[in-house]
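Asks: If you scroll down you'll find the structure; I have some questions about it.
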Amino acid sequence: MVEVREMKEHVTETKSIEHTETGVLNSATSHAVQGNNDRSDSIVVDSVESGVSAGGNTADPAVTSAVSAGIDSLLRLDLLPRLRKDVQVRYEGSIDKQGFNADWDWWLYKEGKEWVIFDVDGPGCVYNLVQHRYPDSEEPTFFFYFDGEEEPRFQIRHAEFGQKAPFLAPLADQYMGPDDNGRGPIRVVRSFVPMPFARSCRITTDIRLKGAAKGDGGWGHVIYHTYASAQGISTFTGQEDYSELLQQWEHVGDDPKPQVEGQTVTLEQLHLPAGQAVTVLKQCEPGSIVSMTARWHEDSTVEIPRSLLHDIWIVAHWDEHEQPDVACPLGAFFGNELGYNRIGILSHGQREDGQWYQYLPMPYWSGAHIQLDNRGSEDVDFAQWEIVYTAANEQLYPQHDTGYFRTSAYYPLQARQGQDSIIGRITGRGHLVAGQVTAFARTPGIISCEGDVRVYIDGNATPQVESDGSESWVNYGWGFPTPPEMNPATAYDGLPDNPWSMVRLCSGDCYPFRQELIFGIESGEYNNQYLRHSGILLYYGQDENGMVLTDELDIGNKASEGIHDYRREGSRGYCTLESSYEGAADDLRIADTGHETEGWSQFVMSISPDNDGVRLRRRSDQMIGRQRALVYVDGQQVQERSWYVADRNPYKRWLDDEFEIPVRYTAGKEQLTIRLEYVQEGETRTWNEYYYWMYSLL
């Protein structure tokens with residue numbers, strides 16, 4: 001038995017640290033160590049403090065509304081647990097339409113002298129823009145149009161990223177890839193400057209972004225949110241005050257959250273016996289974990305053995321859940337599975353002084369139980385393990401509107417032949433806030449970065465988020481040739497190109513889901529390479545679903561059309577298409593019959609009267625882009641947006657896209673009459689529809 005030191009609390013004979021009347025701390029169960037032989041090795045507690053401040057600016061205890069779009073959504077990391085309502089994440093970028101690796105042509109259409117690369121109708125917010133370009137290529141200028149403007153509100157040249165306000169470092173910057181025997185260098189410009197819009201957004205360039213050869217450079221993407229309504233949205237002007245956000249991003253390694261009053265438990269010389277789990281915190285009242293930090297050795301120059309990043313697991317149960325909410329190796333928990341170099345982003349990582357940190361908030365409403373599980377064959381000692389927690393603020397984290405901090409089931413290192421590696425599969429309702437993917441190729445030095453990330457949300461057959469190569473998901477380019485690389489939102493470690501491990505924080509551009517989120521990544525250009533992947537997803541979630549399927553309409557099926565009173569005017573007739581969806585299943589051929597109209601179509605769909613809005617999903621043929629329709633609900637036009645898809649794919653022609661109808665059009669109703677009126681845009685001549693799914697939001 002090792003002694004448990006009595007500090008500011010009375011220690012009972014059972015070796016538990018009980019609450020006093022001041023309720024400062026309870027840092028261990030009556031069995032501090034739980035092993036197969038049920039013996040109780042204790043933890044040396046060197047300090048217990050109350051009233052500890054954590055973070056930067058003071059939190060506003062009166063926060064009761066969900067996170068707003070724009071600067072606050074990045075600045076207030078303490079609000080990350082709050083569930084997102086009426087928010088969806090989307091991607092627009094240079095994906096090879098044939099499913100291979102020609103990811104370097106990025107444009108939607110040409111208008112006048114400019115090339116349109118992004119075109120969205122309705123309220124939303126751009127959170128991430130990336131573009132790859134050879135420095136000796138012709139330099140593009142990006143123009144930003146908002147809310148139907150005919151003249152750009154803002155413009156920036158490729159070389160100005162990181163230098164022209166508000167696109168200032170580190171919110172926006174540049175990465176220069178290596179020369180690579182004359183193949184490079186490549187300049188990657190990226191921005192995390194939030195750009196909200198109330199009605200629409202269009203981004204154009206003055207030259208066509210094409211090609212992969214020297215003198216070209218056409219890779220790029222935009223990740224953005226769409227909102228069901230424009231309430232509370234103020235369109236980007238370029239004159240917003242970004243000073244507080246810039247200051248936060250300039251201090252990676254410090255807790256980025258607003259300041260709170262909390263309690264700290266510091267465990268010195270923490271002993272972890274082989275094959276056993278040690279409790280490091282046991283709480284039996286509401287609260288929230290503010291931070292967890294660890295030091296492997298008192299000498300900051302001594303690196304943690306890389307094996308411990310996999311052998312030591314953190315396991316956390318919130319509110320006495322039977323299954324752990326958090327269960328993963330320390331390397332995944334702290335953002336670096338490989339541990340070759342010290343990397344860190346705003347939310348988690350390793351500081352230059354050697355301290356590991358995890359700052360994502362973790363609320364609970366009846367208790368918390370956190371253990372360290374030594375799954376290795378040797379005893380391990382940590383110089384220090386520290387947890388800061390605070391009493392729960394019901395206004396900040398109302399339980400019905402807040403997700404638990406959770407990890408997906410850890411994806412152990414493995415290869416899947418000819419298929420995407422599914423790093424995480426999450427069910428329920430919530431939003432992804434961070435992810436980590438590690439890859440090993442069979443041969444040292446081989447380029448292993450070509451696989452696209454593909455994220456499927458709520459059963460959509462079309463990926464909602466993608467990437468033109470693995471490294472583009474973390475906003476780098478030209479593979480992973482120069483580790484370690486870091487910016488406040490993304491980082492990667494490894495050896496040049498193989499192996500590599502990338503981590504990304506999705507704070508402003510989190511990935512909301514109401515039923516399911518599946519995160520996959522290719523092995524090579526089209527799953528034609530042997531790669532072993534591992535990884536984890538960090539998210540906030542609740543177990544129950546946030547939407548339910550309430551009706552389906554199969555166009556071309558006469559019985560289904562009759563049941564739903566399907567009518568149309570301006571018909572161009574029925575047609576049958578056999579094609580595939582882009583993405584992981586792009587070799588799966590699907591045949592379906594649908595209808596085209598140059599006028600309107602109308603049908604009745606059943607919904608739940610207890611809905612909080614509805615989501616209408618359509619299967620369509622995306623051979624021709626810029627399909628647009630006005631949407632009417634029971635004779636009332638939806639004012640927030642038109643149904644508009646600017647992109648196209650003439651090869652993998654099936655597309656699942658969605659239209660969210662706000663609750664003000666649907667409250668208390670059991671059915672809706674939907675009318676879709678075609679609007680001609682660009683080269684389109686019809687609105688096509690093959691299948692509709694109606695989901696009631698809960």
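The chains in the structure tokens are called A, B, ... from first to last as shown; in each chain the residues are counted from 1, and the ligands are counted from 1 in the order shown.
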Determine which residues of region 350-445 of chain A DSSP labels as strand (DSSP E or B) from the backbone of this structure, then write them out as a PyMOL selection string.

Replies: chain A and resi 350+356-358+362-364+368-374+380-390+402+404-407+411-414+421-427+429-441

Asks: Restricted to C-alpha atoms, what would the selected residues look like written as an mmCIF file, in the first residue's frame?

Replies:
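Dumped everything to result.cif:
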```cif
data_model
loop_
_atom_site.group_PDB
_atom_site.id
_atom_site.type_symbol
_atom_site.label_atom_id
_atom_site.label_comp_id
_atom_site.auth_asym_id
_atom_site.auth_seq_id
_atom_site.Cartn_x
_atom_site.Cartn_y
_atom_site.Cartn_z
ATOM 1 C CA GLN A 350 1.632 18.939 -26.417
ATOM 2 C CA TRP A 356 0.193 17.332 -22.717
ATOM 3 C CA TYR A 357 -3.145 19.180 -22.651
ATOM 4 C CA GLN A 358 -6.802 18.547 -23.434
ATOM 5 C CA MET A 362 -16.734 17.829 -20.707
ATOM 6 C CA PRO A 363 -20.015 18.515 -18.842
ATOM 7 C CA TYR A 364 -21.936 16.014 -16.695
ATOM 8 C CA ALA A 368 -17.930 11.742 -13.447
ATOM 9 C CA HIS A 369 -15.575 8.794 -13.164
ATOM 10 C CA ILE A 370 -12.213 9.046 -14.959
ATOM 11 C CA GLN A 371 -9.638 6.266 -14.985
ATOM 12 C CA LEU A 372 -6.250 5.624 -16.534
ATOM 13 C CA ASP A 373 -5.970 2.045 -17.745
ATOM 14 C CA ASN A 374 -2.499 0.580 -18.173
ATOM 15 C CA VAL A 380 4.250 3.181 -15.574
ATOM 16 C CA ASP A 381 4.852 6.351 -13.552
ATOM 17 C CA PHE A 382 3.726 9.827 -14.598
ATOM 18 C CA ALA A 383 5.386 12.811 -12.972
ATOM 19 C CA GLN A 384 2.061 14.633 -12.823
ATOM 20 C CA TRP A 385 -1.571 14.344 -13.869
ATOM 21 C CA GLU A 386 -3.871 17.307 -13.306
ATOM 22 C CA ILE A 387 -7.617 17.766 -13.746
ATOM 23 C CA VAL A 388 -9.478 21.053 -13.434
ATOM 24 C CA TYR A 389 -13.254 20.871 -13.043
ATOM 25 C CA THR A 390 -16.030 23.290 -12.211
ATOM 26 C CA THR A 402 -26.075 19.814 -24.486
ATOM 27 C CA TYR A 404 -21.768 14.615 -23.685
ATOM 28 C CA PHE A 405 -18.107 14.748 -24.674
ATOM 29 C CA ARG A 406 -17.417 11.394 -26.290
ATOM 30 C CA THR A 407 -14.957 9.498 -28.418
ATOM 31 C CA TYR A 411 -10.122 2.387 -34.767
ATOM 32 C CA PRO A 412 -7.006 0.215 -34.274
ATOM 33 C CA LEU A 413 -4.265 0.073 -36.884
ATOM 34 C CA GLN A 414 -5.507 -2.095 -39.756
ATOM 35 C CA SER A 421 -11.164 2.783 -43.660
ATOM 36 C CA ILE A 422 -14.071 3.718 -41.401
ATOM 37 C CA ILE A 423 -12.308 5.718 -38.691
ATOM 38 C CA GLY A 424 -15.540 6.382 -36.824
ATOM 39 C CA ARG A 425 -19.231 5.572 -36.920
ATOM 40 C CA ILE A 426 -21.350 7.651 -34.526
ATOM 41 C CA THR A 427 -25.071 7.307 -33.851
ATOM 42 C CA ARG A 429 -27.559 13.333 -32.225
ATOM 43 C CA GLY A 430 -24.580 15.647 -31.871
ATOM 44 C CA HIS A 431 -21.638 17.161 -33.714
ATOM 45 C CA LEU A 432 -18.072 16.146 -34.447
ATOM 46 C CA VAL A 433 -15.476 18.628 -33.141
ATOM 47 C CA ALA A 434 -12.133 16.929 -33.813
ATOM 48 C CA GLY A 435 -10.624 13.941 -35.538
ATOM 49 C CA GLN A 436 -7.337 12.130 -35.885
ATOM 50 C CA VAL A 437 -6.163 9.774 -38.627
ATOM 51 C CA THR A 438 -2.853 7.899 -38.766
ATOM 52 C CA ALA A 439 -1.523 5.931 -41.736
ATOM 53 C CA PHE A 440 1.310 3.493 -42.421
ATOM 54 C CA ALA A 441 2.260 2.378 -45.911
#
```

Asks: Run DSSP on the backbone and give me the residues of region 190-247 of chain A it puts in alpha helix (DSSP H), as a ChimeraX atom specification.

Replies: /A:243-247

Asks: Got a sec: who's within 8 Å of Tyr566 (chain A), counting only C-alpha atoms, leaving out chain neighbours fewer than 6 positions off, as a PyMOL selection string?

Replies: chain A and resi 601-604

Asks: May I have a table of the residues of region 288-366 of chain A lying at most 12 Å from region 258-265 of chain A, giving each one's closest pair of atoms and their distance in Å to one decimal, counting only C-alpha atoms, ordered by chain and ascending residue number, as a Markdown table?

Replies:
```
| residue | atom | partner | partner_atom | distance |
| --- | --- | --- | --- | --- |
| A:Ser288 | CA | A:Gly262 | CA | 9.3 |
| A:Ile289 | CA | A:Gly262 | CA | 9.2 |
| A:Val290 | CA | A:Gly262 | CA | 7.9 |
| A:Ser291 | CA | A:Thr264 | CA | 9.4 |
| A:Met292 | CA | A:Thr264 | CA | 9.8 |
| A:Thr293 | CA | A:Val265 | CA | 10.7 |
| A:Ala294 | CA | A:Val265 | CA | 11.9 |
| A:Tyr359 | CA | A:Pro258 | CA | 11.3 |
| A:Pro361 | CA | A:Pro258 | CA | 11.1 |
```

Asks: Could those residues be written to a file, using C-alpha atoms, as a CSV table (one decimal), in the first residue's frame?

Replies:
```
chain,number,residue,atom,x,y,z
A,288,SER,CA,-17.8,20.0,-16.1
A,289,ILE,CA,-14.2,19.0,-16.8
A,290,VAL,CA,-12.4,22.2,-17.7
A,291,SER,CA,-9.0,20.7,-18.6
A,292,MET,CA,-6.8,17.6,-18.3
A,293,THR,CA,-3.0,17.9,-18.4
A,294,ALA,CA,-0.2,15.5,-17.9
A,359,TYR,CA,-9.0,21.6,-23.2
A,361,PRO,CA,-15.1,21.0,-22.1
```

Asks: Could you check the closest approach to Gly354 (chain A) for each of A:Arg589, A:His297, A:Lys669, A:Arg568 and tell me which residue wins, using only C-alpha atoms?

Replies: A:His297

Asks: Write out as number ranges by chain the residues lying within 8 Å of region 83-88 of chain A, counting only C-alpha atoms and excluding same-chain residues fewer than 2 positions away.

Replies: A: 66-67, 80-81, 90, 225-229, 401-403, 430-431, 511-513, 540-541, 660, 662

Asks: Generate a file of the selected residues that holds C-alpha atoms, formatted as a tab-separated table (two decimals), in the first residue's frame.

Replies:
```tsv
chain	number	residue	atom	x	y	z
A	66	ALA	CA	-27.15	28.37	-28.97
A	67	VAL	CA	-23.87	29.39	-30.54
A	80	LEU	CA	-18.84	23.57	-28.02
A	81	PRO	CA	-20.98	21.07	-26.03
A	90	ARG	CA	-21.31	21.19	-46.41
A	225	HIS	CA	-22.48	25.76	-42.63
A	226	THR	CA	-26.02	26.29	-43.83
A	227	TYR	CA	-28.77	27.52	-41.50
A	228	ALA	CA	-32.50	26.95	-41.63
A	229	SER	CA	-33.13	30.65	-41.08
A	401	ASP	CA	-29.63	20.98	-25.19
A	402	THR	CA	-26.08	19.81	-24.49
A	403	GLY	CA	-24.08	16.84	-25.67
A	430	GLY	CA	-24.58	15.65	-31.87
A	431	HIS	CA	-21.64	17.16	-33.71
A	511	TYR	CA	-20.11	18.56	-38.28
A	512	PRO	CA	-23.68	18.31	-36.89
A	513	PHE	CA	-25.61	15.06	-37.24
A	540	TYR	CA	-20.51	15.91	-28.42
A	541	GLY	CA	-23.61	13.79	-28.51
A	660	GLU	CA	-34.56	22.17	-44.61
A	662	PRO	CA	-38.04	25.92	-40.76
```
